[in-house]
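Read the structure below first, then the notes.
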Amino acid sequence: MTALLGAIGIVRALPARAAVVGGFDFDRAQVAATGLQVPWGIAFLPDGSALVTERGTARVMQVRPGQTPVAVATINGVSASGESGLLGIAVSPNYAQDQWVYVYFTTATDNRLARFRLSAPGTQNVIFSGVPRNTIHDGGRIAFGPDGMLYVATGDAATTANAQDLNSPAGKILRMTPDGAVPASGNPFAGSRVYSYGHRNVQGLAWDNQGRMYASEFGQNNLDEINQIVAGGNYGWPTCEGACNNPSFRNPIISWTTAEASPSGLAYANNTLFAAALRGTRLWAVTLNASGGAASATSQFQNTYGRLRAVAVGPDGWLWVSTSNRDGRGTPVAADDRIIRVPPQGVNPSPSPSPSPSPSVSPPVDTIPPTVPGTPTAFNVTTNAATLNWAVSTDSGGSGLAGYNVYREMGATDPLLAQTTSNSATLTGLTPNTQYQVYVRARDNAGNLSGNSGLVTFTTTGGGTGGGCSATGTVQTQWSNGYVIQPLTVTNTGTATMNGWTVTFTLPAGHTITGSWNTTLTVSGQTVTAKNVGHNGTVAAGASVEFGFQASRPNGNTSVPSGYTCTSP
């Protein structure tokens, strides 16, 4: 297993598989609930049942092991797109007296915090608002600390400067009273809810039995983190990703590559932090040392249940974990999304009953993937485009063939280049004079994906690298009406240091830029001009810098920008 980078020295990963890890028996894990739609947060009621938020539906579901999840509330004003929507949930520590349930969610204008009672779920009181929103980097985890205060994790909303701006609530961990006010004491900045700052996108909060606070955080391209959080701490984003040995910033207790982790939920039990990994498709268990640093780490469930989003220790003593395979980035099976429960060591659970289907909705029955498509053929290859076609797939599972996904073979992570309902696709936005290896997977209407087709290899024609630099854009993620290009890499192809650069590209008709980072953009019609900002304009020969942007597009349109061209003075 890849070594994990600790704040001090190297923390080596232990063997990945053991029956009991952190006090829980992973060999006896059980599926407790199925059929959820992108569950994001888990919180528990005094009766032991769980309240689970669904990101895209805006529903709060009540989950009891072995029973069909029941919708108990729908949150007003949720605007779900990309990574945004209904996110974190917390139950008041004084629930027996006040009955409050808290939720954090994205609207059309901001991220905000509201509370409601299950006895009147339609009456929702907003107690804090105005957190910058985006379709990425909205943070969202909320939790009550041992001090009874409410902690709220926010993302930088894809504007990196937010993280270091103490006047912005974005890119922070906030601490507030249960009513949303600034606490009378304990916060490091007078009159402010800001507790810590310099965060890119925190989605996990937990406390150990000594009251020390921890947070899991997404890196950009290199390193994800778990940090020990202290009042007033600056965690370095956007200057630092992982440890940077700058005394102005606090280093993480442990880091992973983004392919190994992309950590969201975080929980603590038995001197161990449990971090749910999305892209890493595993659950990390990090043993703490006496000072609260990382002593060792192992992974469980690797490639077992797919993408993992939330993790929490229930009042039953079991570890609850949710999947996130229907979020547009996973490979769902018919039962997704699921809640998995792991019993404590020494408990010999009886077999868990299968969750009963809803009486009003037929249970999913198609678990058979389509057949593998034929190996694609490439033609009409130009500087920035190519057309592919392939032999069709068939689907015998009953739900019917929905279409095809086209991927570029790149090793650890293969970006999705296009989705189509036919057995052909025209790829645009390709990089000139570049070799591509591309394959296709078929998908059916139940969400099953076929295996990979054979690879087709083609090379785009030359051009687009004037001025001693080149520009290459990568589709990081996309959804029905938008996408993120990240990284867009600018490389100095000359022999001398480059002082300043300009990248131009073409947006497809109907597409609109909605945000950018590490660049200054101007748009004229469908032509976009991106220029360096102060910190990334000087590029040594052979070196590269990166920027990115987000765009919206008409629903169902799968086009992406094309014609990236770089020039330098």
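Residue names in the structure tokens use chain letters A, B, ... in the order shown, residue numbers from 1 in each chain, and ligand numbers from 1 in the order shown.
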
Fill in: DSSP-assigned strand (DSSP E or B) among segment 417-460 of chain A, expressed as a ChimeraX atom specification
/A:417-420,424-428,435-444,449,456-459

For the residues in the current selection, export N, CA and C atoms as a short mmCIF file (atom, residue, chain, number, x, y, z; two decimals), in the first residue's frame.
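Ended up saving to part-v3.cif:
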data_model
loop_
_atom_site.label_atom_id
_atom_site.label_comp_id
_atom_site.auth_asym_id
_atom_site.auth_seq_id
_atom_site.Cartn_x
_atom_site.Cartn_y
_atom_site.Cartn_z
N LEU A 417 -15.06 11.67 -21.31
CA LEU A 417 -14.98 12.61 -22.42
C LEU A 417 -16.34 12.95 -23.00
N ALA A 418 -17.26 11.99 -22.99
CA ALA A 418 -18.57 12.24 -23.60
C ALA A 418 -19.56 11.19 -23.14
N GLN A 419 -20.85 11.53 -23.19
CA GLN A 419 -21.95 10.59 -23.01
C GLN A 419 -22.86 10.72 -24.22
N THR A 420 -23.36 9.60 -24.70
CA THR A 420 -24.17 9.61 -25.90
C THR A 420 -25.22 8.51 -25.83
N SER A 424 -22.03 6.40 -31.49
CA SER A 424 -21.00 7.26 -32.05
C SER A 424 -20.91 8.52 -31.21
N ALA A 425 -19.77 9.20 -31.27
CA ALA A 425 -19.57 10.44 -30.53
C ALA A 425 -18.49 11.25 -31.22
N THR A 426 -18.67 12.56 -31.23
CA THR A 426 -17.63 13.47 -31.69
C THR A 426 -17.01 14.13 -30.49
N LEU A 427 -15.71 13.89 -30.27
CA LEU A 427 -14.99 14.44 -29.14
C LEU A 427 -14.42 15.79 -29.54
N THR A 428 -14.65 16.81 -28.74
CA THR A 428 -14.11 18.14 -29.00
C THR A 428 -13.27 18.58 -27.81
N GLN A 435 -1.42 12.21 -28.25
CA GLN A 435 -1.94 10.87 -28.42
C GLN A 435 -3.06 10.60 -27.41
N TYR A 436 -4.15 10.04 -27.88
CA TYR A 436 -5.29 9.67 -27.04
C TYR A 436 -5.53 8.17 -27.14
N GLN A 437 -5.81 7.56 -26.00
CA GLN A 437 -6.30 6.18 -25.96
C GLN A 437 -7.68 6.23 -25.33
N VAL A 438 -8.68 5.73 -26.03
CA VAL A 438 -10.07 5.94 -25.64
C VAL A 438 -10.80 4.60 -25.65
N TYR A 439 -11.72 4.43 -24.67
CA TYR A 439 -12.57 3.24 -24.64
C TYR A 439 -14.00 3.64 -24.30
N VAL A 440 -14.92 2.71 -24.45
CA VAL A 440 -16.35 2.97 -24.28
C VAL A 440 -16.94 1.95 -23.31
N ARG A 441 -17.91 2.41 -22.48
CA ARG A 441 -18.71 1.52 -21.64
C ARG A 441 -20.18 1.79 -21.91
N ALA A 442 -20.97 0.74 -21.98
CA ALA A 442 -22.42 0.89 -22.16
C ALA A 442 -23.09 1.01 -20.79
N ARG A 443 -24.21 1.73 -20.75
CA ARG A 443 -24.98 1.85 -19.52
C ARG A 443 -26.44 1.54 -19.81
N ASP A 444 -27.12 0.96 -18.79
CA ASP A 444 -28.55 0.70 -18.95
C ASP A 444 -29.36 1.63 -18.05
N LEU A 449 -23.22 -0.53 -15.55
CA LEU A 449 -22.24 -0.23 -16.59
C LEU A 449 -21.58 -1.51 -17.07
N VAL A 456 -8.99 2.39 -28.59
CA VAL A 456 -8.58 2.94 -29.86
C VAL A 456 -7.55 4.04 -29.57
N THR A 457 -6.49 4.06 -30.37
CA THR A 457 -5.43 5.05 -30.19
C THR A 457 -5.38 5.96 -31.42
N PHE A 458 -5.36 7.27 -31.18
CA PHE A 458 -5.22 8.22 -32.28
C PHE A 458 -4.45 9.42 -31.77
N THR A 459 -3.87 10.19 -32.69
CA THR A 459 -3.09 11.38 -32.34
C THR A 459 -3.65 12.58 -33.08
#

Discussion item. Give me the residues near segment 482-493 of chain A as a VMD selection string, where near means some atom within 9 Å (using only C-alpha atoms) and where sequence neighbours in that chain fewer than 4 positions away do not count.
Written reply: chain A and resid 81 to 82 135 to 136 221 465 467 to 478 497 to 498 501 503 511 539 to 555 557 to 558 560 to 561 566 568

Discussion item. Please list as a ChimeraX atom specification every residue within 9 Å of segment 142-159 of chain A, counting only C-alpha atoms and excluding residues in the same chain fewer than 6 positions away.
Written reply: /A:41,43,87-93,102-104,111,113,131-136,169-180,183,195,198-207,211,213,215,515-518,549-550

What does the file look like for those residues with N, CA and C atoms, as a compact mmCIF listing (two decimals), in the first residue's frame?
# COMPACT_ATOMS: atom_id res chain seq x y z
N GLY A 41 -25.54 13.17 4.67
CA GLY A 41 -25.27 13.32 6.10
C GLY A 41 -26.07 12.31 6.91
N ALA A 43 -27.32 11.63 11.03
CA ALA A 43 -27.42 12.04 12.43
C ALA A 43 -28.45 11.15 13.10
N LEU A 87 -27.07 19.00 2.27
CA LEU A 87 -25.80 18.41 2.68
C LEU A 87 -25.85 17.92 4.13
N GLY A 88 -25.28 18.66 5.07
CA GLY A 88 -25.11 18.16 6.43
C GLY A 88 -26.38 18.19 7.26
N ILE A 89 -26.37 17.35 8.32
CA ILE A 89 -27.49 17.28 9.25
C ILE A 89 -26.95 17.03 10.64
N ALA A 90 -27.60 17.61 11.64
CA ALA A 90 -27.23 17.41 13.04
C ALA A 90 -28.50 17.43 13.88
N VAL A 91 -28.50 16.66 14.96
CA VAL A 91 -29.61 16.62 15.91
C VAL A 91 -29.17 17.35 17.17
N SER A 92 -30.03 18.20 17.69
CA SER A 92 -29.68 18.96 18.89
C SER A 92 -29.26 18.04 20.02
N PRO A 93 -28.19 18.37 20.74
CA PRO A 93 -27.81 17.57 21.92
C PRO A 93 -28.87 17.63 23.02
N TYR A 102 -31.10 20.15 12.62
CA TYR A 102 -30.40 21.19 11.86
C TYR A 102 -29.95 20.63 10.51
N VAL A 103 -30.05 21.45 9.46
CA VAL A 103 -29.58 21.07 8.13
C VAL A 103 -28.82 22.22 7.49
N TYR A 104 -27.85 21.87 6.65
CA TYR A 104 -27.06 22.83 5.87
C TYR A 104 -27.32 22.52 4.41
N ASN A 111 -25.23 29.27 0.59
CA ASN A 111 -25.39 28.13 1.48
C ASN A 111 -25.91 28.66 2.80
N LEU A 113 -27.96 27.62 6.88
CA LEU A 113 -28.24 26.69 7.97
C LEU A 113 -29.65 26.95 8.47
N VAL A 131 -23.41 32.16 3.13
CA VAL A 131 -22.15 31.49 2.81
C VAL A 131 -22.06 31.37 1.29
N PRO A 132 -20.97 31.83 0.65
CA PRO A 132 -20.88 31.74 -0.81
C PRO A 132 -21.12 30.32 -1.31
N ARG A 133 -21.84 30.23 -2.42
CA ARG A 133 -22.22 28.94 -3.00
C ARG A 133 -21.53 28.73 -4.34
N ASN A 134 -21.50 27.49 -4.76
CA ASN A 134 -21.07 27.13 -6.10
C ASN A 134 -21.58 25.72 -6.34
N THR A 135 -21.35 25.20 -7.52
CA THR A 135 -21.70 23.80 -7.74
C THR A 135 -20.58 22.87 -7.30
N ILE A 136 -19.47 23.43 -6.83
CA ILE A 136 -18.39 22.67 -6.21
C ILE A 136 -17.92 23.42 -4.97
N PRO A 169 -17.27 33.90 5.15
CA PRO A 169 -17.51 32.63 5.86
C PRO A 169 -17.09 31.41 5.05
N ALA A 170 -16.64 31.60 3.80
CA ALA A 170 -16.27 30.47 2.94
C ALA A 170 -14.84 30.02 3.22
N GLY A 171 -14.58 28.72 3.05
CA GLY A 171 -13.26 28.17 3.30
C GLY A 171 -12.90 28.17 4.77
N LYS A 172 -13.89 27.92 5.64
CA LYS A 172 -13.70 28.04 7.08
C LYS A 172 -14.32 26.86 7.81
N ILE A 173 -13.99 26.73 9.09
CA ILE A 173 -14.83 26.03 10.05
C ILE A 173 -15.39 27.10 10.97
N LEU A 174 -16.70 27.17 11.04
CA LEU A 174 -17.40 28.18 11.83
C LEU A 174 -17.88 27.55 13.14
N ARG A 175 -17.89 28.37 14.19
CA ARG A 175 -18.41 27.93 15.50
C ARG A 175 -19.47 28.93 15.93
N MET A 176 -20.66 28.41 16.27
CA MET A 176 -21.77 29.29 16.63
C MET A 176 -22.63 28.64 17.69
N THR A 177 -23.50 29.42 18.30
CA THR A 177 -24.44 28.88 19.27
C THR A 177 -25.52 28.09 18.55
N PRO A 178 -26.31 27.29 19.27
CA PRO A 178 -27.40 26.57 18.62
C PRO A 178 -28.43 27.47 17.95
N ASP A 179 -28.43 28.76 18.28
CA ASP A 179 -29.32 29.72 17.62
C ASP A 179 -28.66 30.40 16.43
N GLY A 180 -27.39 30.07 16.13
CA GLY A 180 -26.70 30.66 15.00
C GLY A 180 -25.90 31.91 15.32
N PRO A 183 -20.70 32.94 19.65
CA PRO A 183 -20.63 32.60 21.07
C PRO A 183 -20.01 33.72 21.88
N TYR A 195 -13.78 29.98 13.26
CA TYR A 195 -13.00 29.23 14.25
C TYR A 195 -11.63 28.86 13.69
N GLY A 198 -8.35 29.02 6.04
CA GLY A 198 -7.37 28.44 5.12
C GLY A 198 -7.75 27.04 4.68
N HIS A 199 -9.07 26.80 4.53
CA HIS A 199 -9.58 25.49 4.13
C HIS A 199 -10.08 25.53 2.68
N ARG A 200 -9.85 24.45 1.95
CA ARG A 200 -10.34 24.36 0.58
C ARG A 200 -11.77 23.82 0.54
N ASN A 201 -11.99 22.66 1.18
CA ASN A 201 -13.33 22.05 1.14
C ASN A 201 -13.39 20.98 2.22
N VAL A 202 -13.80 21.38 3.42
CA VAL A 202 -13.92 20.45 4.55
C VAL A 202 -15.29 19.78 4.49
N GLN A 203 -15.31 18.45 4.59
CA GLN A 203 -16.57 17.71 4.61
C GLN A 203 -16.64 16.69 5.74
N GLY A 204 -15.73 16.76 6.70
CA GLY A 204 -15.79 15.84 7.83
C GLY A 204 -15.35 16.52 9.11
N LEU A 205 -16.09 16.30 10.21
CA LEU A 205 -15.77 16.86 11.52
C LEU A 205 -15.91 15.76 12.57
N ALA A 206 -14.98 15.71 13.53
CA ALA A 206 -15.06 14.72 14.61
C ALA A 206 -14.23 15.19 15.79
N TRP A 207 -14.55 14.67 16.98
CA TRP A 207 -13.80 14.97 18.20
C TRP A 207 -13.40 13.66 18.86
N GLY A 211 -11.59 15.63 23.60
CA GLY A 211 -12.16 16.88 23.13
C GLY A 211 -11.38 17.54 22.01
N MET A 213 -10.37 18.31 18.24
CA MET A 213 -11.20 18.37 17.04
C MET A 213 -10.38 18.02 15.80
N ALA A 215 -10.70 17.44 11.26
CA ALA A 215 -11.47 17.70 10.04
C ALA A 215 -10.79 17.03 8.86
N GLY A 515 -17.73 30.41 -13.06
CA GLY A 515 -16.71 30.61 -12.03
C GLY A 515 -15.36 30.19 -12.55
N SER A 516 -14.29 30.74 -11.96
CA SER A 516 -12.94 30.38 -12.36
C SER A 516 -12.01 30.59 -11.19
N TRP A 517 -10.81 30.02 -11.28
CA TRP A 517 -9.83 30.15 -10.21
C TRP A 517 -8.43 30.14 -10.82
N ASN A 518 -7.54 30.88 -10.18
CA ASN A 518 -6.14 31.00 -10.60
C ASN A 518 -5.99 31.60 -11.99
N PHE A 549 -11.94 26.31 -14.47
CA PHE A 549 -13.17 27.08 -14.55
C PHE A 549 -14.35 26.12 -14.55
N GLN A 550 -15.50 26.70 -14.30
CA GLN A 550 -16.76 25.97 -14.29
C GLN A 550 -17.71 26.64 -15.25

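Residue nearest Trp318 of chain A, chosen from A:Gly537, A:Gly85, A:Pro344, A:Gly306 and counting only C-alpha atoms: A:Pro344.
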
Discussion item. When you look at Phe105 of chain A with a cut-off of 9 Å (counting only C-alpha atoms), what residues show up, excluding the ones that are within fewer than 3 positions of it in the same chain? I need them as a PyMOL selection string.
Written reply: chain A and resi 55+58+75+77-80+84-88+110-114+138+140

Discussion item. Run DSSP on the backbone and tell me which residues of segment 127-356 of chain A come out as helix (DSSP H, G or I); list them as a PyMOL selection string.
Written reply: chain A and resi 160-164

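Once Pro369 of chain A and its same-chain neighbours fewer than 2 positions away are set aside, Val333, Asp366, Thr367, Thr371, Val372, Thr394, Asp395, Ser396, Gly397, Ser399, Leu401, Ala442, Arg443, Asp444, Asn445, Ala446, Gly447, Asn448, Leu449, Ser450 and Gly451 of chain A remain within 10 Å of it when counting only C-alpha atoms.
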
Could those selected residues go to a file with N, CA, C and O atoms, as a PDB file, in the first residue's frame?
ATOM      1  N   VAL A 333     -24.886  -0.015  -8.352  1.00  0.00           N
ATOM      2  CA  VAL A 333     -25.597  -1.267  -8.539  1.00  0.00           C
ATOM      3  C   VAL A 333     -27.058  -1.015  -8.196  1.00  0.00           C
ATOM      4  O   VAL A 333     -27.432   0.070  -7.746  1.00  0.00           O
ATOM      5  N   ASP A 366     -33.099  -5.114 -12.075  1.00  0.00           N
ATOM      6  CA  ASP A 366     -32.078  -5.288 -13.112  1.00  0.00           C
ATOM      7  C   ASP A 366     -30.697  -5.083 -12.511  1.00  0.00           C
ATOM      8  O   ASP A 366     -30.308  -3.960 -12.192  1.00  0.00           O
ATOM      9  N   THR A 367     -29.956  -6.150 -12.342  1.00  0.00           N
ATOM     10  CA  THR A 367     -28.569  -6.066 -11.874  1.00  0.00           C
ATOM     11  C   THR A 367     -27.593  -6.587 -12.919  1.00  0.00           C
ATOM     12  O   THR A 367     -26.413  -6.767 -12.634  1.00  0.00           O
ATOM     13  N   THR A 371     -23.869  -5.779 -22.473  1.00  0.00           N
ATOM     14  CA  THR A 371     -22.677  -6.400 -23.045  1.00  0.00           C
ATOM     15  C   THR A 371     -21.641  -5.332 -23.382  1.00  0.00           C
ATOM     16  O   THR A 371     -21.975  -4.155 -23.530  1.00  0.00           O
ATOM     17  N   VAL A 372     -20.392  -5.737 -23.497  1.00  0.00           N
ATOM     18  CA  VAL A 372     -19.302  -4.808 -23.766  1.00  0.00           C
ATOM     19  C   VAL A 372     -19.408  -4.283 -25.203  1.00  0.00           C
ATOM     20  O   VAL A 372     -19.599  -5.074 -26.143  1.00  0.00           O
ATOM     21  N   THR A 394     -25.888  -4.860 -26.162  1.00  0.00           N
ATOM     22  CA  THR A 394     -27.249  -5.329 -25.903  1.00  0.00           C
ATOM     23  C   THR A 394     -27.459  -5.406 -24.397  1.00  0.00           C
ATOM     24  O   THR A 394     -26.494  -5.534 -23.627  1.00  0.00           O
ATOM     25  N   ASP A 395     -28.719  -5.325 -23.977  1.00  0.00           N
ATOM     26  CA  ASP A 395     -29.041  -5.373 -22.547  1.00  0.00           C
ATOM     27  C   ASP A 395     -30.105  -6.429 -22.318  1.00  0.00           C
ATOM     28  O   ASP A 395     -31.188  -6.356 -22.904  1.00  0.00           O
ATOM     29  N   SER A 396     -29.787  -7.409 -21.474  1.00  0.00           N
ATOM     30  CA  SER A 396     -30.728  -8.499 -21.216  1.00  0.00           C
ATOM     31  C   SER A 396     -31.352  -8.407 -19.834  1.00  0.00           C
ATOM     32  O   SER A 396     -32.087  -9.305 -19.425  1.00  0.00           O
ATOM     33  N   GLY A 397     -31.057  -7.317 -19.098  1.00  0.00           N
ATOM     34  CA  GLY A 397     -31.553  -7.228 -17.729  1.00  0.00           C
ATOM     35  C   GLY A 397     -32.976  -6.719 -17.607  1.00  0.00           C
ATOM     36  O   GLY A 397     -33.556  -6.775 -16.518  1.00  0.00           O
ATOM     37  N   SER A 399     -34.131  -3.495 -18.137  1.00  0.00           N
ATOM     38  CA  SER A 399     -34.342  -2.051 -17.994  1.00  0.00           C
ATOM     39  C   SER A 399     -34.087  -1.301 -19.290  1.00  0.00           C
ATOM     40  O   SER A 399     -34.522  -0.157 -19.452  1.00  0.00           O
ATOM     41  N   LEU A 401     -31.218  -0.502 -22.757  1.00  0.00           N
ATOM     42  CA  LEU A 401     -29.962   0.204 -22.967  1.00  0.00           C
ATOM     43  C   LEU A 401     -30.214   1.708 -22.965  1.00  0.00           C
ATOM     44  O   LEU A 401     -31.096   2.210 -23.664  1.00  0.00           O
ATOM     45  N   ALA A 442     -20.975   0.738 -21.982  1.00  0.00           N
ATOM     46  CA  ALA A 442     -22.419   0.888 -22.160  1.00  0.00           C
ATOM     47  C   ALA A 442     -23.093   1.008 -20.792  1.00  0.00           C
ATOM     48  O   ALA A 442     -22.618   0.457 -19.801  1.00  0.00           O
ATOM     49  N   ARG A 443     -24.206   1.729 -20.751  1.00  0.00           N
ATOM     50  CA  ARG A 443     -24.977   1.852 -19.522  1.00  0.00           C
ATOM     51  C   ARG A 443     -26.441   1.541 -19.806  1.00  0.00           C
ATOM     52  O   ARG A 443     -26.946   1.810 -20.907  1.00  0.00           O
ATOM     53  N   ASP A 444     -27.125   0.955 -18.788  1.00  0.00           N
ATOM     54  CA  ASP A 444     -28.555   0.697 -18.951  1.00  0.00           C
ATOM     55  C   ASP A 444     -29.358   1.631 -18.055  1.00  0.00           C
ATOM     56  O   ASP A 444     -28.800   2.435 -17.301  1.00  0.00           O
ATOM     57  N   ASN A 445     -30.661   1.525 -18.124  1.00  0.00           N
ATOM     58  CA  ASN A 445     -31.532   2.449 -17.396  1.00  0.00           C
ATOM     59  C   ASN A 445     -31.598   2.165 -15.900  1.00  0.00           C
ATOM     60  O   ASN A 445     -32.185   2.947 -15.150  1.00  0.00           O
ATOM     61  N   ALA A 446     -30.994   1.054 -15.453  1.00  0.00           N
ATOM     62  CA  ALA A 446     -30.899   0.776 -14.018  1.00  0.00           C
ATOM     63  C   ALA A 446     -29.589   1.267 -13.431  1.00  0.00           C
ATOM     64  O   ALA A 446     -29.351   1.104 -12.239  1.00  0.00           O
ATOM     65  N   GLY A 447     -28.720   1.873 -14.268  1.00  0.00           N
ATOM     66  CA  GLY A 447     -27.448   2.388 -13.776  1.00  0.00           C
ATOM     67  C   GLY A 447     -26.305   1.407 -13.862  1.00  0.00           C
ATOM     68  O   GLY A 447     -25.193   1.713 -13.420  1.00  0.00           O
ATOM     69  N   ASN A 448     -26.528   0.211 -14.412  1.00  0.00           N
ATOM     70  CA  ASN A 448     -25.436  -0.752 -14.563  1.00  0.00           C
ATOM     71  C   ASN A 448     -24.534  -0.342 -15.715  1.00  0.00           C
ATOM     72  O   ASN A 448     -25.013   0.122 -16.762  1.00  0.00           O
ATOM     73  N   LEU A 449     -23.220  -0.525 -15.553  1.00  0.00           N
ATOM     74  CA  LEU A 449     -22.238  -0.227 -16.590  1.00  0.00           C
ATOM     75  C   LEU A 449     -21.583  -1.511 -17.066  1.00  0.00           C
ATOM     76  O   LEU A 449     -21.255  -2.395 -16.253  1.00  0.00           O
ATOM     77  N   SER A 450     -21.358  -1.595 -18.371  1.00  0.00           N
ATOM     78  CA  SER A 450     -20.654  -2.748 -18.938  1.00  0.00           C
ATOM     79  C   SER A 450     -19.168  -2.663 -18.614  1.00  0.00           C
ATOM     80  O   SER A 450     -18.685  -1.669 -18.066  1.00  0.00           O
ATOM     81  N   GLY A 451     -18.443  -3.687 -18.990  1.00  0.00           N
ATOM     82  CA  GLY A 451     -17.000  -3.623 -18.946  1.00  0.00           C
ATOM     83  C   GLY A 451     -16.457  -2.690 -20.012  1.00  0.00           C
ATOM     84  O   GLY A 451     -17.208  -2.142 -20.843  1.00  0.00           O
TER      85      GLY A 451
END

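The two atoms in question, atom CA of Phe505 of chain A and atom CA of His137 of chain A, are spaced 24.7 Å apart.
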
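Among A:Asn246, A:Gln526, A:Asn433, A:Thr323, the residue with the shortest atom-to-atom distance to Ala32 of chain A, counting only C-alpha atoms, is A:Thr323.
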
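Among the candidates A:Ala108, A:Leu118, A:Ala269, A:Ile226, the residue lying nearest to Phe24 of chain A is A:Ala269 (atoms considered: only C-alpha atoms).
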
Practice prompt. List the neighbours of Gly293 of chain A out to 8 Å using only C-alpha atoms; skip same-chain residues closer than 3 positions along the sequence, and give me the result as a PyMOL selection string.
Written response: chain A and resi 228+253-254+288-290

So that I have them on file, write out the residues from the current selection with all heavy atoms, as a compact mmCIF listing (two decimals), in the first residue's frame.
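Final output, part.txt:
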# COMPACT_ATOMS: atom_id res chain seq x y z
N GLN A 228 -5.79 18.31 12.65
CA GLN A 228 -6.25 18.59 14.01
C GLN A 228 -6.55 20.08 14.06
O GLN A 228 -5.69 20.92 13.74
CB GLN A 228 -5.19 18.20 15.04
CG GLN A 228 -5.69 18.34 16.46
CD GLN A 228 -4.65 17.97 17.51
OE1 GLN A 228 -4.53 18.64 18.53
NE2 GLN A 228 -3.89 16.90 17.26
N ILE A 253 -2.25 16.09 10.08
CA ILE A 253 -1.69 14.96 10.82
C ILE A 253 -1.42 13.79 9.88
O ILE A 253 -0.60 12.92 10.17
CB ILE A 253 -2.59 14.52 11.98
CG1 ILE A 253 -3.90 13.92 11.48
CG2 ILE A 253 -2.84 15.66 12.95
CD1 ILE A 253 -4.68 13.16 12.54
N ILE A 254 -2.09 13.78 8.72
CA ILE A 254 -1.89 12.71 7.75
C ILE A 254 -2.41 13.19 6.39
O ILE A 254 -3.34 14.01 6.33
CB ILE A 254 -2.60 11.41 8.18
CG1 ILE A 254 -2.08 10.20 7.40
CG2 ILE A 254 -4.10 11.52 8.08
CD1 ILE A 254 -2.52 8.88 7.99
N LEU A 288 -4.63 7.12 16.41
CA LEU A 288 -4.02 8.33 16.93
C LEU A 288 -2.96 8.00 17.98
O LEU A 288 -3.07 7.02 18.71
CB LEU A 288 -5.08 9.24 17.54
CG LEU A 288 -6.19 9.72 16.60
CD1 LEU A 288 -7.19 10.56 17.36
CD2 LEU A 288 -5.60 10.50 15.43
N ASN A 289 -1.93 8.85 18.04
CA ASN A 289 -0.94 8.73 19.11
C ASN A 289 -1.34 9.64 20.28
O ASN A 289 -2.39 10.28 20.27
CB ASN A 289 0.46 9.04 18.59
CG ASN A 289 0.57 10.45 18.00
OD1 ASN A 289 -0.15 11.36 18.40
ND2 ASN A 289 1.47 10.62 17.03
N ALA A 290 -0.48 9.71 21.29
CA ALA A 290 -0.83 10.42 22.51
C ALA A 290 -1.07 11.91 22.28
O ALA A 290 -1.86 12.54 22.99
CB ALA A 290 0.26 10.23 23.56
